[in-house]
>>> print(open('final38.txt').read())   # compact mmCIF, C-alpha atoms and all ligand atoms
# COMPACT_ATOMS: atom_id res chain seq x y z
CA MET A 14 0.00 0.00 0.00
CA THR A 15 1.28 3.47 -0.90
CA GLN A 16 2.04 5.54 2.17
CA ILE A 17 0.32 8.91 2.31
CA LEU A 18 1.50 10.07 5.72
CA ASN A 19 4.55 8.69 7.47
CA ILE A 20 5.37 9.94 10.96
CA LYS A 21 8.28 8.66 12.99
CA ASN A 22 9.14 9.77 16.52
CA LEU A 23 7.35 13.10 16.35
CA LYS A 24 7.70 15.35 19.39
CA THR A 25 6.01 18.68 20.08
CA HIS A 26 6.90 20.34 23.36
CA TYR A 27 5.30 23.63 24.44
CA GLN A 28 6.92 26.19 26.72
CA SER A 29 4.68 27.18 29.62
CA ALA A 30 4.99 28.93 32.98
CA GLU A 31 4.95 25.50 34.70
CA GLY A 32 7.69 24.13 32.46
CA VAL A 33 7.94 22.15 29.24
CA VAL A 34 4.62 20.52 28.24
CA LYS A 35 5.39 17.28 26.40
CA ALA A 36 2.08 17.29 24.52
CA VAL A 37 3.31 14.96 21.77
CA ASP A 38 6.24 12.84 22.85
CA GLY A 39 7.51 10.31 20.34
CA ILE A 40 4.57 9.40 18.11
CA SER A 41 4.98 7.09 15.10
CA PHE A 42 2.35 5.89 12.65
CA THR A 43 1.59 5.71 8.94
CA ILE A 44 -1.58 6.25 6.93
CA GLY A 45 -1.97 4.35 3.67
CA GLU A 46 -3.79 5.24 0.50
CA ASN A 47 -7.59 5.31 0.99
CA GLN A 48 -7.20 4.49 4.66
CA VAL A 49 -9.09 6.04 7.58
CA PHE A 50 -6.83 6.28 10.60
CA GLY A 51 -8.72 7.01 13.81
CA LEU A 52 -6.88 8.62 16.69
CA ALA A 53 -8.62 8.29 20.05
CA GLY A 54 -7.71 9.46 23.52
CA GLU A 55 -8.90 11.42 26.52
CA SER A 56 -9.07 15.21 26.54
CA GLY A 57 -5.63 16.79 26.80
CA CYS A 58 -3.64 13.78 25.54
CA GLY A 59 -2.22 15.77 22.61
CA LYS A 60 -4.50 14.88 19.68
CA SER A 61 -4.97 18.45 18.45
CA THR A 62 -1.30 19.24 19.06
CA LEU A 63 -0.34 16.35 16.80
CA ILE A 64 -2.42 17.57 13.88
CA ARG A 65 -1.67 21.23 14.51
CA THR A 66 1.98 20.26 14.22
CA ILE A 67 1.37 18.64 10.83
CA MET A 68 -0.62 21.70 9.71
CA ARG A 69 1.93 24.21 11.12
CA LEU A 70 -0.48 25.85 13.52
CA ILE A 71 1.79 25.53 16.55
CA PRO A 72 3.18 28.61 18.34
CA LYS A 73 6.73 29.43 17.26
CA SER A 74 7.95 29.03 20.85
CA ALA A 75 7.13 25.30 20.80
CA SER A 76 9.83 22.85 19.81
CA VAL A 77 9.05 20.30 17.08
CA SER A 78 11.26 17.39 16.07
CA ALA A 79 10.81 14.14 14.19
CA ASP A 80 12.87 11.37 12.62
CA GLN A 81 10.38 11.46 9.78
CA LEU A 82 7.38 13.56 8.78
CA GLN A 83 6.54 12.72 5.20
CA PHE A 84 3.62 13.24 2.86
CA LYS A 85 3.80 10.74 -0.03
CA GLY A 86 7.52 10.37 0.56
CA LYS A 87 8.11 14.14 0.58
CA ASP A 88 9.77 15.55 3.69
CA LEU A 89 7.40 18.10 5.26
CA LEU A 90 9.79 19.31 7.95
CA SER A 91 12.24 20.80 5.47
CA LEU A 92 9.54 22.75 3.61
CA SER A 93 9.33 26.48 4.32
CA ASP A 94 6.04 27.79 5.70
CA VAL A 95 5.47 29.59 2.40
CA SER A 96 5.85 26.50 0.25
CA PHE A 97 3.80 24.42 2.71
CA ARG A 98 0.96 26.89 2.36
CA LYS A 99 1.38 27.21 -1.38
CA ASN A 100 1.87 23.57 -2.34
CA ILE A 101 0.51 21.31 0.40
CA LEU A 102 -2.26 23.04 2.32
CA TRP A 103 -5.79 22.42 0.96
CA GLN A 104 -4.50 20.80 -2.26
CA ASN A 105 -2.78 17.84 -0.63
CA ILE A 106 -3.70 17.98 3.04
CA SER A 107 -6.72 19.81 4.40
CA LEU A 108 -8.07 20.32 7.88
CA VAL A 109 -11.50 20.43 9.44
CA PRO A 110 -10.55 22.12 12.71
CA GLN A 111 -11.93 21.28 16.14
CA SER A 112 -13.84 24.55 16.39
CA ALA A 113 -15.49 24.66 12.97
CA MET A 114 -17.83 27.18 14.60
CA ASN A 115 -15.14 29.83 14.33
CA ALA A 116 -13.31 28.70 11.22
CA LEU A 117 -15.62 30.32 8.67
CA ASN A 118 -15.22 34.01 7.91
CA PRO A 119 -18.40 35.72 9.22
CA VAL A 120 -18.51 38.46 6.57
CA TYR A 121 -18.50 36.24 3.46
CA ARG A 122 -21.23 33.99 2.12
CA VAL A 123 -20.35 30.37 2.83
CA GLY A 124 -20.52 29.33 -0.84
CA ASP A 125 -18.22 32.19 -1.86
CA GLN A 126 -15.60 31.11 0.67
CA CYS A 127 -15.49 27.67 -0.92
CA THR A 128 -15.51 29.04 -4.48
CA GLU A 129 -12.68 31.47 -3.69
CA ALA A 130 -10.44 28.58 -2.62
CA ILE A 131 -10.99 26.88 -5.98
CA LEU A 132 -10.43 30.09 -7.97
CA ALA A 133 -7.21 30.77 -6.10
CA HIS A 134 -5.73 27.34 -6.78
CA THR A 135 -7.12 26.06 -10.10
CA ASP A 136 -7.83 27.20 -13.68
CA LEU A 137 -11.58 26.79 -13.30
CA ASN A 138 -13.78 29.83 -13.95
CA LYS A 139 -16.36 31.12 -11.51
CA ALA A 140 -19.30 29.16 -12.91
CA GLU A 141 -17.29 25.92 -12.94
CA ALA A 142 -16.03 26.51 -9.41
CA SER A 143 -19.55 27.22 -8.25
CA ASN A 144 -20.67 23.91 -9.77
CA VAL A 145 -17.98 22.05 -7.88
CA VAL A 146 -19.10 23.66 -4.63
CA GLU A 147 -22.73 22.88 -5.35
CA ARG A 148 -21.87 19.22 -5.87
CA LEU A 149 -19.88 19.15 -2.64
CA PHE A 150 -22.69 20.83 -0.69
CA ASP A 151 -24.91 18.04 -1.94
CA VAL A 152 -22.39 15.42 -0.85
CA VAL A 153 -22.26 16.77 2.71
CA GLY A 154 -26.04 17.15 2.80
CA LEU A 155 -26.43 20.93 2.49
CA GLN A 156 -28.97 22.38 0.06
CA ALA A 157 -27.49 24.38 -2.82
CA GLY A 158 -29.50 27.45 -1.74
CA LEU A 159 -27.39 27.63 1.42
CA MET A 160 -24.33 28.64 -0.62
CA LYS A 161 -25.74 32.16 -0.49
CA ALA A 162 -26.10 32.16 3.31
CA TYR A 163 -23.71 33.71 5.83
CA PRO A 164 -22.08 31.60 8.57
CA HIS A 165 -24.32 33.07 11.32
CA GLU A 166 -27.33 31.65 9.50
CA PHE A 167 -25.90 28.13 9.90
CA SER A 168 -26.39 25.83 12.88
CA GLY A 169 -23.34 24.12 14.42
CA GLY A 170 -23.93 20.96 12.41
CA MET A 171 -24.34 22.92 9.18
CA ARG A 172 -21.07 24.76 9.77
CA GLN A 173 -19.31 21.46 10.38
CA ARG A 174 -20.66 20.20 7.08
CA ALA A 175 -19.70 23.43 5.30
CA MET A 176 -16.14 23.02 6.64
CA LEU A 177 -16.17 19.45 5.46
CA ALA A 178 -17.22 20.62 1.98
CA MET A 179 -14.54 23.28 2.07
CA SER A 180 -11.86 20.78 3.07
CA LEU A 181 -12.71 18.73 -0.02
CA VAL A 182 -12.85 21.45 -2.71
CA LEU A 183 -9.29 20.97 -3.96
CA ARG A 184 -9.48 17.17 -3.83
CA PRO A 185 -6.76 16.67 -1.24
CA GLU A 186 -5.46 13.16 -0.71
CA LEU A 187 -5.46 13.55 3.05
CA VAL A 188 -8.20 15.20 5.10
CA ILE A 189 -7.59 15.70 8.80
CA MET A 190 -10.67 16.02 10.95
CA ASP A 191 -10.43 17.17 14.54
CA GLU A 192 -13.52 16.02 16.46
CA PRO A 193 -15.82 16.40 13.45
CA THR A 194 -18.91 15.21 15.28
CA THR A 195 -18.31 16.09 18.92
CA GLY A 196 -21.04 18.27 20.40
CA LEU A 197 -23.47 17.55 17.58
CA ASP A 198 -26.70 15.71 18.13
CA VAL A 199 -26.73 12.02 17.35
CA LEU A 200 -28.76 12.28 14.14
CA VAL A 201 -26.47 14.92 12.67
CA GLN A 202 -23.46 12.85 13.73
CA GLU A 203 -24.82 9.81 11.96
CA ARG A 204 -25.55 11.77 8.81
CA ILE A 205 -22.05 13.25 8.72
CA LEU A 206 -20.49 9.83 9.23
CA ARG A 207 -22.66 8.37 6.49
CA ASN A 208 -21.72 11.22 4.14
CA LEU A 209 -18.07 10.71 4.88
CA LYS A 210 -18.31 7.07 3.94
CA GLU A 211 -20.09 8.03 0.72
CA ILE A 212 -17.52 10.65 -0.13
CA ARG A 213 -14.80 8.05 0.23
CA GLN A 214 -16.64 5.58 -1.96
CA LYS A 215 -17.35 8.17 -4.65
CA SER A 216 -13.88 9.70 -4.56
CA LYS A 217 -12.06 8.92 -7.79
CA ASN A 218 -8.76 10.01 -6.34
CA SER A 219 -7.51 8.32 -3.24
CA LEU A 220 -8.87 9.92 -0.07
CA SER A 221 -7.23 9.14 3.24
CA ILE A 222 -8.61 10.49 6.49
CA LEU A 223 -7.02 11.17 9.85
CA LEU A 224 -10.01 11.21 12.16
CA ILE A 225 -9.63 12.49 15.69
CA THR A 226 -12.12 12.02 18.48
CA HIS A 227 -12.42 10.99 22.08
CA ASP A 228 -15.49 8.96 21.15
CA ILE A 229 -14.36 5.40 20.62
CA SER A 230 -17.67 4.37 19.03
CA VAL A 231 -17.26 6.96 16.23
CA ILE A 232 -13.71 5.71 15.69
CA ALA A 233 -14.89 2.11 15.61
CA GLU A 234 -17.52 2.85 12.99
CA MET A 235 -15.27 4.78 10.65
CA SER A 236 -11.67 3.61 10.91
CA ASP A 237 -9.61 1.00 9.14
CA ARG A 238 -6.83 1.48 11.62
CA ILE A 239 -6.81 2.96 15.12
CA GLY A 240 -4.25 4.60 17.38
CA ILE A 241 -4.96 4.87 21.10
CA MET A 242 -3.18 7.93 22.47
CA TYR A 243 -2.39 8.62 26.10
CA ALA A 244 -0.39 11.50 27.57
CA GLY A 245 1.43 12.33 24.33
CA LYS A 246 2.21 8.75 23.29
CA LEU A 247 0.54 6.04 21.23
CA MET A 248 -0.14 3.17 23.61
CA GLU A 249 -1.54 0.82 20.97
CA THR A 250 -1.94 0.92 17.19
CA ALA A 251 -3.71 -1.76 15.19
CA ASN A 252 -6.21 -2.50 12.45
CA SER A 253 -9.70 -1.82 13.82
CA MET A 254 -10.86 -5.43 14.06
CA ASP A 255 -7.69 -6.48 15.84
CA LEU A 256 -7.90 -3.59 18.28
CA PHE A 257 -11.46 -4.45 19.25
CA ASN A 258 -11.15 -8.22 19.19
CA GLU A 259 -7.66 -8.59 20.61
CA PRO A 260 -6.70 -5.46 22.53
CA TYR A 261 -3.40 -5.61 24.44
CA HIS A 262 -2.84 -2.41 26.36
CA PRO A 263 -4.54 -2.11 29.77
CA TYR A 264 -5.56 1.43 28.78
CA THR A 265 -7.31 0.10 25.67
CA LEU A 266 -8.96 -2.59 27.79
CA GLY A 267 -10.21 0.10 30.16
CA LEU A 268 -11.42 2.41 27.39
CA LYS A 269 -13.28 -0.41 25.75
CA ASN A 270 -15.14 -1.02 28.99
CA ALA A 271 -16.04 2.63 29.32
CA PHE A 272 -18.15 2.64 26.15
CA PRO A 273 -21.34 0.67 25.68
CA SER A 274 -21.43 -1.92 22.95
CA ILE A 275 -24.67 -2.54 21.10
CA LYS A 276 -24.73 -6.13 22.31
CA SER A 277 -24.52 -5.35 25.99
CA LEU A 278 -26.30 -2.08 26.68
CA ASP A 279 -27.46 -3.33 30.04
CA ARG A 280 -23.95 -4.03 31.23
CA GLU A 281 -22.65 -1.68 33.86
CA LEU A 282 -20.01 0.64 32.47
CA ILE A 283 -16.61 0.59 34.06
CA SER A 284 -14.56 3.72 33.59
CA ILE A 285 -10.91 4.13 34.35
CA PRO A 286 -10.47 5.91 37.70
CA GLY A 287 -8.03 8.79 38.02
CA SER A 288 -6.81 11.20 35.38
CA PRO A 289 -3.86 11.44 32.98
CA PRO A 290 -0.52 12.68 34.38
CA ASN A 291 0.54 16.31 34.19
CA LEU A 292 2.50 16.57 30.94
CA THR A 293 5.18 18.76 32.50
CA ARG A 294 6.23 16.01 34.92
CA ASN A 295 9.28 13.90 34.24
CA ILE A 296 8.05 10.34 34.40
CA SER A 297 10.64 7.57 34.31
CA GLY A 298 8.34 4.61 33.68
CA CYS A 299 5.08 3.95 31.84
CA LEU A 300 2.81 7.00 31.66
CA PHE A 301 -0.23 4.84 32.45
CA TYR A 302 1.39 3.35 35.59
CA GLU A 303 -0.71 5.23 38.16
CA ARG A 304 -4.02 4.12 36.65
CA CYS A 305 -3.01 0.63 35.59
CA PRO A 306 -4.41 -2.28 37.63
CA PHE A 307 -1.81 -4.66 36.20
CA SER A 308 1.42 -2.76 36.83
CA ILE A 309 4.54 -4.28 38.39
CA ASP A 310 7.82 -2.70 39.52
CA ILE A 311 9.40 -2.39 36.08
CA CYS A 312 6.40 -0.34 34.88
CA GLN A 313 7.35 2.42 37.30
CA GLU A 314 11.06 2.19 36.50
CA LYS A 315 11.41 1.96 32.74
CA PRO A 316 9.36 3.29 29.81
CA PRO A 317 7.98 0.40 27.75
CA GLN A 318 9.24 0.16 24.16
CA GLU A 319 7.07 -0.30 21.09
CA THR A 320 6.52 -4.02 20.52
CA LEU A 321 5.06 -5.71 17.46
CA VAL A 322 2.61 -8.20 19.02
CA ALA A 323 0.98 -9.38 15.77
CA LYS A 324 0.91 -8.27 12.15
CA ASP A 325 0.59 -4.44 12.04
CA HIS A 326 -0.24 -4.39 15.76
CA ILE A 327 2.04 -2.28 17.95
CA VAL A 328 1.83 -1.96 21.74
CA GLN A 329 3.82 -0.07 24.39
CA CYS A 330 3.45 -2.19 27.51
CA HIS A 331 5.80 -4.26 29.70
CA ARG A 332 3.22 -6.96 30.30
CA ILE A 333 2.03 -8.11 26.92
CA GLU A 334 2.67 -11.80 27.68
CA ASP A 335 -0.06 -11.78 30.35
CA VAL A 336 -2.70 -10.20 28.13
CA GLU A 337 -5.13 -13.17 28.11
CA LYS A 338 -5.46 -12.89 31.87
CA PHE A 339 -5.89 -9.12 31.74
CA ARG A 340 -8.62 -9.31 29.09
CA LYS A 341 -10.70 -11.40 31.49
CA LEU A 342 -9.93 -9.28 34.55
CA ALA A 343 -10.57 -5.97 32.77
CA GLY A 344 -14.27 -6.83 32.46
CA GLU A 345 -14.64 -7.03 36.25
CA LYS A 346 -15.49 -3.91 38.17
CA GLU A 347 -13.25 -4.82 41.13
CA THR A 348 -10.17 -4.81 38.88
CA TRP A 349 -10.41 -1.05 38.49
CA GLN A 350 -11.03 -0.35 42.18
CA PHE A 351 -7.57 0.08 43.64
CA SER A 352 -5.38 2.81 44.98
CA LYS A 353 -1.65 3.24 44.62
N1 LIG B 1 -0.15 26.67 23.20
C1 LIG B 1 0.01 25.85 24.25
N2 LIG B 1 0.92 26.11 25.20
C2 LIG B 1 1.11 25.28 26.26
N3 LIG B 1 0.43 24.13 26.43
C3 LIG B 1 -0.49 23.81 25.51
C4 LIG B 1 -0.77 24.65 24.37
N4 LIG B 1 -1.74 24.05 23.62
C5 LIG B 1 -2.06 22.91 24.27
N5 LIG B 1 -1.32 22.76 25.39
C6 LIG B 1 -1.36 21.62 26.34
O1 LIG B 1 -0.97 20.46 25.60
C7 LIG B 1 -1.72 19.33 26.05
C8 LIG B 1 -2.40 18.67 24.88
O2 LIG B 1 -3.43 19.51 24.40
P1 LIG B 1 -4.28 19.17 23.09
O3 LIG B 1 -5.17 20.32 22.82
O4 LIG B 1 -3.34 18.75 22.02
O5 LIG B 1 -5.13 17.90 23.58
P2 LIG B 1 -6.37 17.17 22.91
O6 LIG B 1 -6.08 15.71 23.02
O7 LIG B 1 -6.65 17.73 21.58
O8 LIG B 1 -7.56 17.52 23.90
P3 LIG B 1 -9.14 17.70 23.61
O9 LIG B 1 -9.70 16.31 23.47
O10 LIG B 1 -9.65 18.38 24.83
O11 LIG B 1 -9.29 18.52 22.37
C9 LIG B 1 -2.67 19.84 27.13
O12 LIG B 1 -2.06 19.61 28.38
C10 LIG B 1 -2.75 21.33 26.84
O13 LIG B 1 -3.02 22.04 28.02
MG MG B 2 -8.28 18.66 20.70
>>> encode(input="final38.txt", output="structure tokens")
Amino acid sequence: MTQILNIKNLKTHYQSAEGVVKAVDGISFTIGENQVFGLAGESGCGKSTLIRTIMRLIPKSASVSADQLQFKGKDLLSLSDVSFRKNILWQNISLVPQSAMNALNPVYRVGDQCTEAILAHTDLNKAEASNVVERLFDVVGLQAGLMKAYPHEFSGGMRQRAMLAMSLVLRPELVIMDEPTTGLDVLVQERILRNLKEIRQKSKNSLSILLITHDISVIAEMSDRIGIMYAGKLMETANSMDLFNEPYHPYTLGLKNAFPSIKSLDRELISIPGSPPNLTRNISGCLFYERCPFSIDICQEKPPQETLVAKDHIVQCHRIEDVEKFRKLAGEKETWQFSK
């Protein structure tokens, strides 16, 4: 499979009054052609920082480093901001930001904002560009008449869909979506997810998606491959089926319990007690140690390395050989009731 995005050992550290915030701290993953990669994790684990780093929306005071950050084999780190904006942004990689509410310019009609992007980057004339936008509005489920409306006339869900349309106007090969459905009502969420699937099916070019959310059920429905992020690191990365059927990391086991599955709605939900560590702390062992019911001494002493546990299935945990036992225990409420 052709690699669209290839990230190796990416780190983004912010400067703050409390010290260095290691918001992204050694992340590696790849996204293939036509693949949806879902990135899930609790609030504050660094999801937006990761994509803001790719999109160059990070404050200049932050430090960014990586062994590799490539789009279709092209090194993104060595590109100047100007050539990133001119050659990559929108045409190759586009972003639907977390706060789509504020991303549209309030003084321009929504349709014009989309058309402008096409006029600025292609040879199409105004009528042709307008046709493209009309088709895309249809794809995301907005009536053509709404192209003439201003952002304040749109509901939250409509703005999300308008941003989605806008992110697709230049037919990028990678669309990054930061919480595209969070805060929307369930029906709107479902429609957007359905539209996304349709867009991918209809897309003649390859369309890969990096989908970010803290809702594991959205991720499960949409993704081919999933990364579970915790405190700036990827704890587990695997193809969706493998992650749900054979999870390894205790954090994944806990997250899985915290969300209802259709089959067992009556089951009591177990959520993981405690909260993620402060990202300015220097932690010598596993970042999940304090909340992990299965930790032993080494977990506090040494950071676990990435281990390939099965084909395309990567886990950072010291205790992978005991996983069968943990899978059983993780379903019991008592397992998660402990204090350290
Ligand atoms: N500009 C900044 N300066 C300093 N720290 C920051 C800055 N932006 C984010 N952070 C910190 O970096 C960490 C990761 O934040 P980020 O927004 O990437 O998380 P997230 O996973 O997207 O969370 P959410 O699910 O709430 O959107 C948090 O601790 C946050 O407080
Ligand atoms: Mg975020």
>>> residues_around(input="final38.txt", residues="stretch 326-330 of chain A", least_positions_apart="5", cutoff="7 Å", atoms="only C-alpha atoms", output="list in words")
Met248, Glu249, Thr250, Ala251, Tyr261, His262, Pro317, Gln318, Glu319, Thr320 and Leu321 of chain A
>>> write_last_selection(input="final38.txt", atoms="C-alpha atoms", output="PDB file, in the coordinates of the input")
ATOM      1  CA  MET A 248      -0.140   3.170  23.610  1.00  0.00           C
ATOM      2  CA  GLU A 249      -1.540   0.820  20.970  1.00  0.00           C
ATOM      3  CA  THR A 250      -1.940   0.920  17.190  1.00  0.00           C
ATOM      4  CA  ALA A 251      -3.710  -1.760  15.190  1.00  0.00           C
ATOM      5  CA  TYR A 261      -3.400  -5.610  24.440  1.00  0.00           C
ATOM      6  CA  HIS A 262      -2.840  -2.410  26.360  1.00  0.00           C
ATOM      7  CA  PRO A 317       7.980   0.400  27.750  1.00  0.00           C
ATOM      8  CA  GLN A 318       9.240   0.160  24.160  1.00  0.00           C
ATOM      9  CA  GLU A 319       7.070  -0.300  21.090  1.00  0.00           C
ATOM     10  CA  THR A 320       6.520  -4.020  20.520  1.00  0.00           C
ATOM     11  CA  LEU A 321       5.060  -5.710  17.460  1.00  0.00           C
TER      12      LEU A 321
END
>>> residues_near_ligand(input="final38.txt", ligand="ligand LIG 1 (chain B)", cutoff="6 Å", atoms="all atoms listed in the file", output="ChimeraX atom specification")
/A:27-29,34,36,55-62
>>> atom_distance(input="final38.txt", atom1="atom CA of A:Val77", atom2="atom CA of A:Leu23")
7.4 Å
>>> atom_distance(input="final38.txt", atom1="atom CA of A:His227", atom2="atom CA of A:Ile205")
16.6 Å
>>> residues_near_point(input="final38.txt", point="(-6.3, -11.4, 27.6)", cutoff="10 Å", atoms="only C-alpha atoms", output="JSON, numbers by chain")
{"A": [259, 260, 261, 262, 263, 266, 333, 334, 335, 336, 337, 338, 339, 340, 341, 342, 343]}
>>> residues_around(input="final38.txt", residues="stretch 121-136 of chain A", least_positions_apart="6", cutoff="8 Å", atoms="only C-alpha atoms", output="MDAnalysis selection string")
chainID A and resid 142:143 146 159:164 175 178:179 182:183
>>> atom_distance(input="final38.txt", atom1="atom CA of A:Gly267", atom2="atom CA of A:Ser284")
6.6 Å
>>> residues_around(input="final38.txt", residues="A:Leu223", least_positions_apart="2", cutoff="8 Å", atoms="all atoms listed in the file", output="list of chain:residue names")
A:Ile44, A:Val49, A:Phe50, A:Gly51, A:Leu52, A:Leu187, A:Val188, A:Ile189, A:Met190, A:Ser221, A:Ile225
>>> closest_residue(input="final38.txt", among="A:Asn138, A:Asn22, A:Gln313, A:Gln111", to="ligand MG 2 (chain B)", atoms="all atoms listed in the file")
A:Gln111
>>> closest_residue(input="final38.txt", among="A:Gly298, A:Gly39, A:Pro306, A:Pro185", to="A:Lys24", atoms="only C-alpha atoms")
A:Gly39
>>> closest_residue(input="final38.txt", among="A:Glu234, A:Asp228, A:Glu166, A:Glu186", to="A:Arg213", atoms="only C-alpha atoms")
A:Glu186
>>> residues_near_point(input="final38.txt", point="(-26.1, 14.2, -1.4)", cutoff="12 Å", atoms="all atoms listed in the file", output="PDB file with C-alpha atoms, keeping the file's coordinate frame")
ATOM      1  CA  GLU A 147     -22.730  22.880  -5.350  1.00  0.00           C
ATOM      2  CA  ARG A 148     -21.870  19.220  -5.870  1.00  0.00           C
ATOM      3  CA  LEU A 149     -19.880  19.150  -2.640  1.00  0.00           C
ATOM      4  CA  PHE A 150     -22.690  20.830  -0.690  1.00  0.00           C
ATOM      5  CA  ASP A 151     -24.910  18.040  -1.940  1.00  0.00           C
ATOM      6  CA  VAL A 152     -22.390  15.420  -0.850  1.00  0.00           C
ATOM      7  CA  VAL A 153     -22.260  16.770   2.710  1.00  0.00           C
ATOM      8  CA  GLY A 154     -26.040  17.150   2.800  1.00  0.00           C
ATOM      9  CA  LEU A 155     -26.430  20.930   2.490  1.00  0.00           C
ATOM     10  CA  GLN A 156     -28.970  22.380   0.060  1.00  0.00           C
ATOM     11  CA  ALA A 157     -27.490  24.380  -2.820  1.00  0.00           C
ATOM     12  CA  ARG A 174     -20.660  20.200   7.080  1.00  0.00           C
ATOM     13  CA  ALA A 178     -17.220  20.620   1.980  1.00  0.00           C
ATOM     14  CA  ARG A 204     -25.550  11.770   8.810  1.00  0.00           C
ATOM     15  CA  ILE A 205     -22.050  13.250   8.720  1.00  0.00           C
ATOM     16  CA  ARG A 207     -22.660   8.370   6.490  1.00  0.00           C
ATOM     17  CA  ASN A 208     -21.720  11.220   4.140  1.00  0.00           C
ATOM     18  CA  LEU A 209     -18.070  10.710   4.880  1.00  0.00           C
ATOM     19  CA  LYS A 210     -18.310   7.070   3.940  1.00  0.00           C
ATOM     20  CA  GLU A 211     -20.090   8.030   0.720  1.00  0.00           C
ATOM     21  CA  ILE A 212     -17.520  10.650  -0.130  1.00  0.00           C
ATOM     22  CA  LYS A 215     -17.350   8.170  -4.650  1.00  0.00           C
TER      23      LYS A 215
END
